[in-house]
>>> print(open('my_file.txt').read())   # compact mmCIF, C-alpha atoms and all ligand atoms
# COMPACT_ATOMS: atom_id res chain seq x y z
CA MET A 571 13.84 20.12 14.99
CA THR A 572 11.37 17.97 16.91
CA TRP A 573 7.94 17.46 15.48
CA MET A 574 4.77 15.45 15.99
CA SER A 575 3.51 12.69 13.76
CA ASP A 576 0.80 10.08 13.98
CA GLN A 577 3.28 8.02 15.95
CA GLY A 578 4.34 10.76 18.37
CA PRO A 579 7.42 12.99 18.57
CA ALA A 580 10.03 12.31 15.90
CA ALA A 581 13.75 12.29 16.48
CA THR A 582 15.78 15.44 16.04
CA ASP A 583 17.11 15.44 12.50
CA ARG A 584 19.90 17.14 10.64
CA ALA A 585 19.75 19.86 8.02
CA PRO A 586 20.27 18.86 4.38
CA HIS A 587 23.87 18.90 3.14
CA ALA A 588 24.88 21.84 0.98
CA CYS A 589 25.60 19.50 -1.93
CA GLU A 590 22.01 18.20 -1.82
CA ILE A 591 20.64 21.72 -1.94
CA ALA A 592 23.01 22.59 -4.77
CA ALA A 593 21.91 19.52 -6.71
CA ALA A 594 18.29 20.53 -6.26
CA LEU A 595 19.00 24.08 -7.40
CA LEU A 596 20.71 22.79 -10.53
CA SER A 597 17.70 20.69 -11.63
CA PRO A 598 16.65 21.79 -15.12
CA ALA A 599 13.10 23.11 -14.98
CA SER A 600 12.29 21.44 -18.29
CA HIS A 601 12.34 18.02 -16.63
CA ARG A 602 9.49 19.07 -14.41
CA ASP A 603 7.28 19.53 -17.46
CA GLY A 604 7.34 15.81 -18.32
CA SER A 605 4.09 13.87 -18.75
CA TYR A 606 4.45 11.71 -15.68
CA ARG A 607 4.89 14.18 -12.91
CA ILE A 608 5.05 13.38 -9.22
CA ALA A 609 3.96 14.98 -5.97
CA VAL A 610 6.26 14.67 -2.96
CA LEU A 611 4.75 14.70 0.54
CA ALA A 612 7.19 15.66 3.30
CA SER A 613 7.15 16.93 6.88
CA GLY A 614 10.75 16.98 8.03
CA THR A 615 14.18 18.17 7.03
CA GLY A 616 13.60 17.26 3.40
CA THR A 617 16.91 15.58 2.66
CA VAL A 618 15.13 12.82 0.75
CA LEU A 619 13.13 15.48 -1.12
CA ALA A 620 16.40 17.24 -1.99
CA ALA A 621 17.75 13.97 -3.39
CA LEU A 622 14.62 13.48 -5.52
CA ALA A 623 14.95 17.01 -6.88
CA GLY A 624 18.67 16.53 -7.40
CA ALA A 625 17.95 13.37 -9.41
CA VAL A 626 15.91 15.59 -11.76
CA LEU A 627 12.68 13.74 -11.14
CA PRO A 628 9.66 15.66 -12.47
CA ILE A 629 8.33 17.05 -9.18
CA ALA A 630 5.22 19.14 -9.83
CA VAL A 631 4.43 19.99 -6.21
CA VAL A 632 5.54 19.39 -2.64
CA VAL A 633 2.86 18.97 0.03
CA VAL A 634 3.70 19.52 3.70
CA ASP A 635 1.49 19.12 6.76
CA ARG A 636 3.35 21.64 8.93
CA PRO A 637 5.95 24.38 8.68
CA CYS A 638 9.18 22.48 8.04
CA GLU A 639 12.58 22.60 6.39
CA ALA A 640 11.22 20.60 3.43
CA GLU A 641 9.36 23.77 2.39
CA ASN A 642 12.65 25.62 2.11
CA VAL A 643 14.21 22.76 0.13
CA ALA A 644 11.28 22.94 -2.31
CA ALA A 645 11.45 26.71 -2.55
CA ARG A 646 15.17 26.65 -3.30
CA ALA A 647 14.51 24.08 -6.06
CA GLY A 648 11.71 26.23 -7.52
CA ILE A 649 9.00 23.67 -6.75
CA PRO A 650 5.53 24.89 -5.65
CA VAL A 651 4.57 24.05 -2.07
CA GLU A 652 1.08 23.35 -0.75
CA ARG A 653 0.93 23.46 3.04
CA ILE A 654 -2.11 21.55 4.26
CA GLU A 655 -1.54 22.22 7.91
CA ARG A 656 -2.59 19.58 10.36
CA THR A 657 -4.03 21.34 13.36
CA SER A 658 -4.73 18.38 15.63
CA PHE A 659 -2.67 15.37 16.68
CA GLY A 660 -5.31 14.18 19.12
CA ALA A 661 -8.34 11.92 19.01
CA ASP A 662 -10.37 14.67 17.38
CA PHE A 663 -8.21 14.60 14.22
CA ASP A 664 -10.53 14.18 11.23
CA ARG A 665 -8.37 12.02 8.97
CA ASP A 666 -10.92 11.74 6.17
CA ARG A 667 -11.46 15.48 6.01
CA TYR A 668 -7.72 16.14 6.09
CA THR A 669 -7.14 13.56 3.34
CA ALA A 670 -9.83 15.17 1.20
CA GLU A 671 -7.96 18.49 1.52
CA VAL A 672 -4.73 16.87 0.35
CA VAL A 673 -6.46 15.20 -2.61
CA ALA A 674 -8.07 18.51 -3.60
CA ALA A 675 -4.73 20.33 -3.36
CA LEU A 676 -3.03 17.74 -5.58
CA ALA A 677 -5.73 17.68 -8.26
CA PRO A 678 -4.63 20.76 -10.26
CA TYR A 679 -1.09 19.39 -10.65
CA GLY A 680 -2.16 16.27 -12.57
CA VAL A 681 0.44 14.00 -11.01
CA ALA A 682 0.79 10.32 -11.91
CA LEU A 683 2.53 9.26 -8.71
CA VAL A 684 2.43 10.37 -5.08
CA VAL A 685 5.79 10.03 -3.32
CA MET A 686 5.91 10.03 0.47
CA ALA A 687 9.23 11.33 1.82
CA GLY A 688 8.91 11.51 5.58
CA TYR A 689 5.29 12.70 5.70
CA GLY A 690 4.05 12.67 9.29
CA THR A 691 0.36 12.06 8.65
CA ILE A 692 -1.18 8.77 7.62
CA LEU A 693 -3.78 9.50 4.96
CA GLY A 694 -7.21 7.94 4.58
CA SER A 695 -8.79 5.98 1.76
CA ALA A 696 -9.60 8.97 -0.46
CA ILE A 697 -6.00 9.30 -1.61
CA HIS A 698 -5.88 5.59 -2.50
CA ASP A 699 -9.09 6.04 -4.50
CA ALA A 700 -7.57 9.02 -6.32
CA TYR A 701 -4.17 7.35 -6.96
CA PRO A 702 -4.79 3.58 -6.88
CA GLY A 703 -1.51 1.70 -6.55
CA ARG A 704 0.31 4.95 -7.30
CA ILE A 705 1.54 6.00 -3.88
CA VAL A 706 5.04 5.02 -2.79
CA ASN A 707 7.09 5.45 0.38
CA THR A 708 10.59 4.90 1.68
CA HIS A 709 10.85 3.30 5.11
CA PRO A 710 14.04 3.22 7.21
CA ALA A 711 14.06 -0.52 7.94
CA LEU A 712 13.89 -3.83 6.12
CA LEU A 713 10.13 -4.41 5.95
CA PRO A 714 8.23 -6.40 7.02
CA ALA A 715 10.50 -6.00 10.07
CA PHE A 716 10.17 -2.84 12.16
CA LYS A 717 7.08 -1.16 10.79
CA GLY A 718 6.02 2.20 12.17
CA TRP A 719 7.52 5.52 13.05
CA HIS A 720 10.22 4.24 15.42
CA ALA A 721 11.71 1.76 12.97
CA VAL A 722 15.34 2.75 13.49
CA ALA A 723 15.08 2.76 17.29
CA ASP A 724 13.18 -0.53 17.25
CA ALA A 725 15.81 -2.19 15.05
CA LEU A 726 18.59 -0.99 17.38
CA ALA A 727 16.68 -2.15 20.45
CA ALA A 728 16.21 -5.58 18.89
CA GLY A 729 19.98 -5.92 18.49
CA VAL A 730 19.92 -6.70 14.78
CA ALA A 731 23.24 -6.89 12.92
CA VAL A 732 21.77 -5.33 9.81
CA SER A 733 18.90 -3.01 9.03
CA GLY A 734 18.31 -0.97 5.90
CA CYS A 735 15.58 0.68 3.89
CA THR A 736 12.56 -0.37 1.88
CA VAL A 737 10.80 1.37 -0.97
CA HIS A 738 7.23 0.13 -1.10
CA VAL A 739 3.78 0.83 -2.44
CA VAL A 740 1.58 2.54 0.16
CA THR A 741 -1.62 0.75 1.09
CA LEU A 742 -4.21 1.46 3.76
CA GLU A 743 -2.37 -0.93 6.06
CA VAL A 744 0.69 1.03 7.20
CA ASP A 745 4.10 -0.17 5.92
CA ALA A 746 2.55 -3.34 4.48
CA GLY A 747 2.33 -2.68 0.73
CA PRO A 748 4.24 -4.47 -2.04
CA ILE A 749 8.01 -4.04 -1.79
CA LEU A 750 9.68 -2.39 -4.79
CA ALA A 751 13.30 -2.22 -3.57
CA GLN A 752 15.38 -2.86 -0.47
CA GLN A 753 18.97 -2.38 0.59
CA VAL A 754 20.80 -3.59 3.65
CA VAL A 755 22.69 -1.18 5.92
CA PRO A 756 24.95 -2.76 8.58
CA VAL A 757 24.48 -1.79 12.21
CA LEU A 758 27.84 -0.70 13.64
CA ALA A 759 29.10 -1.00 17.21
CA GLY A 760 28.13 2.12 19.14
CA ASP A 761 25.43 3.15 16.67
CA SER A 762 22.79 5.56 17.97
CA VAL A 763 19.41 6.12 16.34
CA THR A 764 20.86 9.23 14.70
CA THR A 765 24.02 7.64 13.31
CA LEU A 766 22.20 4.57 11.99
CA HIS A 767 19.35 6.65 10.52
CA ASP A 768 21.85 8.98 8.84
CA ARG A 769 23.57 6.02 7.13
CA ILE A 770 20.19 4.59 6.11
CA LYS A 771 19.22 7.96 4.63
CA VAL A 772 22.40 7.99 2.55
CA VAL A 773 21.13 4.80 0.92
CA GLU A 774 17.54 6.08 0.66
CA ARG A 775 18.73 9.17 -1.19
CA ARG A 776 20.09 6.92 -3.94
CA LEU A 777 17.67 3.96 -3.89
CA TYR A 778 14.45 6.01 -3.77
CA PRO A 779 15.12 8.20 -6.85
CA GLU A 780 16.30 5.13 -8.80
CA THR A 781 13.17 3.19 -7.88
CA ILE A 782 10.82 6.09 -8.65
CA ARG A 783 12.48 6.50 -12.05
CA ARG A 784 11.81 2.81 -12.72
CA VAL A 785 8.17 3.16 -11.61
CA LEU A 786 7.68 6.20 -13.87
CA ASP A 787 9.16 4.25 -16.79
CA GLN A 788 6.72 1.41 -16.10
CA LEU A 789 3.79 3.82 -15.94
CA ALA A 790 4.88 5.46 -19.20
CA ALA A 791 5.14 2.06 -20.90
CA ALA A 792 1.61 1.04 -19.90
CA PRO A 793 -0.26 4.23 -18.97
CA ALA A 794 -3.79 2.81 -19.03
CA GLU A 795 -3.00 -0.27 -17.00
CA THR A 796 -3.20 -0.85 -13.30
CA PRO A 797 0.37 -0.76 -11.93
CA PRO A 798 1.94 -4.25 -11.94
CA TRP A 799 2.36 -4.52 -8.17
C1 LIG B 1 13.47 8.96 5.81
O1 LIG B 1 14.36 8.21 6.59
C2 LIG B 1 12.28 8.12 5.45
O2 LIG B 1 12.55 6.76 5.40
C3 LIG B 1 11.33 8.39 6.57
O3 LIG B 1 11.49 9.76 6.82
C4 LIG B 1 12.84 10.12 6.57
C5 LIG B 1 12.80 11.42 5.81
O4 LIG B 1 13.99 12.12 6.00
N1 LIG B 1 10.00 8.00 6.20
P1 LIG B 1 14.16 13.64 5.55
O5 LIG B 1 13.17 14.49 6.31
O6 LIG B 1 13.92 13.71 4.07
O7 LIG B 1 15.58 13.96 5.90
>>> encode(input="my_file.txt", output="structure tokens", more="lines below")
Ligand code: GRF
Amino acid sequence: MTWMSDQGPAATDRAPHACEIAAALLSPASHRDGSYRIAVLASGTGTVLAALAGAVLPIAVVVVDRPCEAENVAARAGIPVERIERTSFGADFDRDRYTAEVVAALAPYGVALVVMAGYGTILGSAIHDAYPGRIVNTHPALLPAFKGWHAVADALAAGVAVSGCTVHVVTLEVDAGPILAQQVVPVLAGDSVTTLHDRIKVVERRLYPETIRRVLDQLAAAPAETPPW
């Protein structure tokens, strides 16, 4: 599937593995009733979303900005989906209005943390006001190197020997927030964007759920405090 984002057309991606779907389907519903629930924002194939569901994280809702496979992943895991469709990718895109729609859609779910998992729209300040310091993302490169949508291609083009992934807090400046976790992934001879990104995603599907679990534990330990990052 090829789709548009703020950074232009994204690479064709693969469908989630059957084992990821199965893991999501086996998630006990009771875990989703925990106090510190999360929203996952996704636009693509949803393999990271499937890993989050498979890790039995308390996902209250999935938000998508377009019709995408992530909706099907959510449906198969029994998670409600809110599609806030983005109708323009041009200069007339009203980011503040779109962000307000996302914030309003999230409100009834009472989530403590917003988890970006391949969401193709950069959101405006209203979501940071609503969830201060409580928005996280996984990025397919070792930040601060290779920010932006073409991180995997940029790393390959630069000829690096290693790349990897970074879990970080989302701030208004894109891909620049505090780093929560990173892991190196070697670049292999003959790697394409697809092969390298696929190996990075294997790591993301383990590192991201682990890190979110740690963040939720921190929030539960000090619920009234500003997050420590
Ligand atoms: C991940 O590589 C993530 O780092 C990036 O988007 C990708 C999402 O993959 N932000 P998928 O759609 O969940 O397979």
>>> residues_near_ligand(input="my_file.txt", ligand="ligand LIG 1 (chain B)", cutoff="8 Å", atoms="all atoms listed in the file", output="VMD selection string")
chain A and resid 583 to 586 612 to 620 640 686 to 689 707 to 711 719 735 to 736 767 to 768 770 to 771 774
>>> atom_distance(input="my_file.txt", atom1="atom CA of Pro678 of chain A", atom2="atom CA of Asp699 of chain A")
16.4 Å
>>> closest_residue(input="my_file.txt", among="A:Val684, A:Leu750, A:Leu742, A:Ala696", to="Leu712 of chain A", atoms="all atoms listed in the file")
A:Leu750
>>> residues_around(input="my_file.txt", residues="Ile697 of chain A", least_positions_apart="6", cutoff="12 Å", atoms="all atoms listed in the file", output="ChimeraX atom specification")
/A:665-677,683-685,703-706,740-742
>>> atom_distance(input="my_file.txt", atom1="atom CA of Ala715 of chain A", atom2="atom CA of Val773 of chain A")
17.7 Å
>>> residues_around(input="my_file.txt", residues="Ala751 of chain A", least_positions_apart="3", cutoff="9 Å", atoms="all atoms listed in the file", output="list in words")
Cys735, Thr736, Val737, His738, Leu777, Tyr778 and Thr781 of chain A
>>> residues_near_point(input="my_file.txt", point="(3.4, 20.2, 3.6)", cutoff="10 Å", atoms="all atoms listed in the file", output="JSON, numbers by chain")
{"A": [610, 611, 612, 613, 614, 631, 632, 633, 634, 635, 636, 637, 638, 639, 640, 641, 651, 652, 653, 654, 655, 656, 672, 689, 690]}
>>> residues_around(input="my_file.txt", residues="Asp761 of chain A", least_positions_apart="2", cutoff="12 Å", atoms="only C-alpha atoms", output="VMD selection string")
chain A and resid 722 to 723 725 to 727 729 to 733 755 to 759 763 to 770
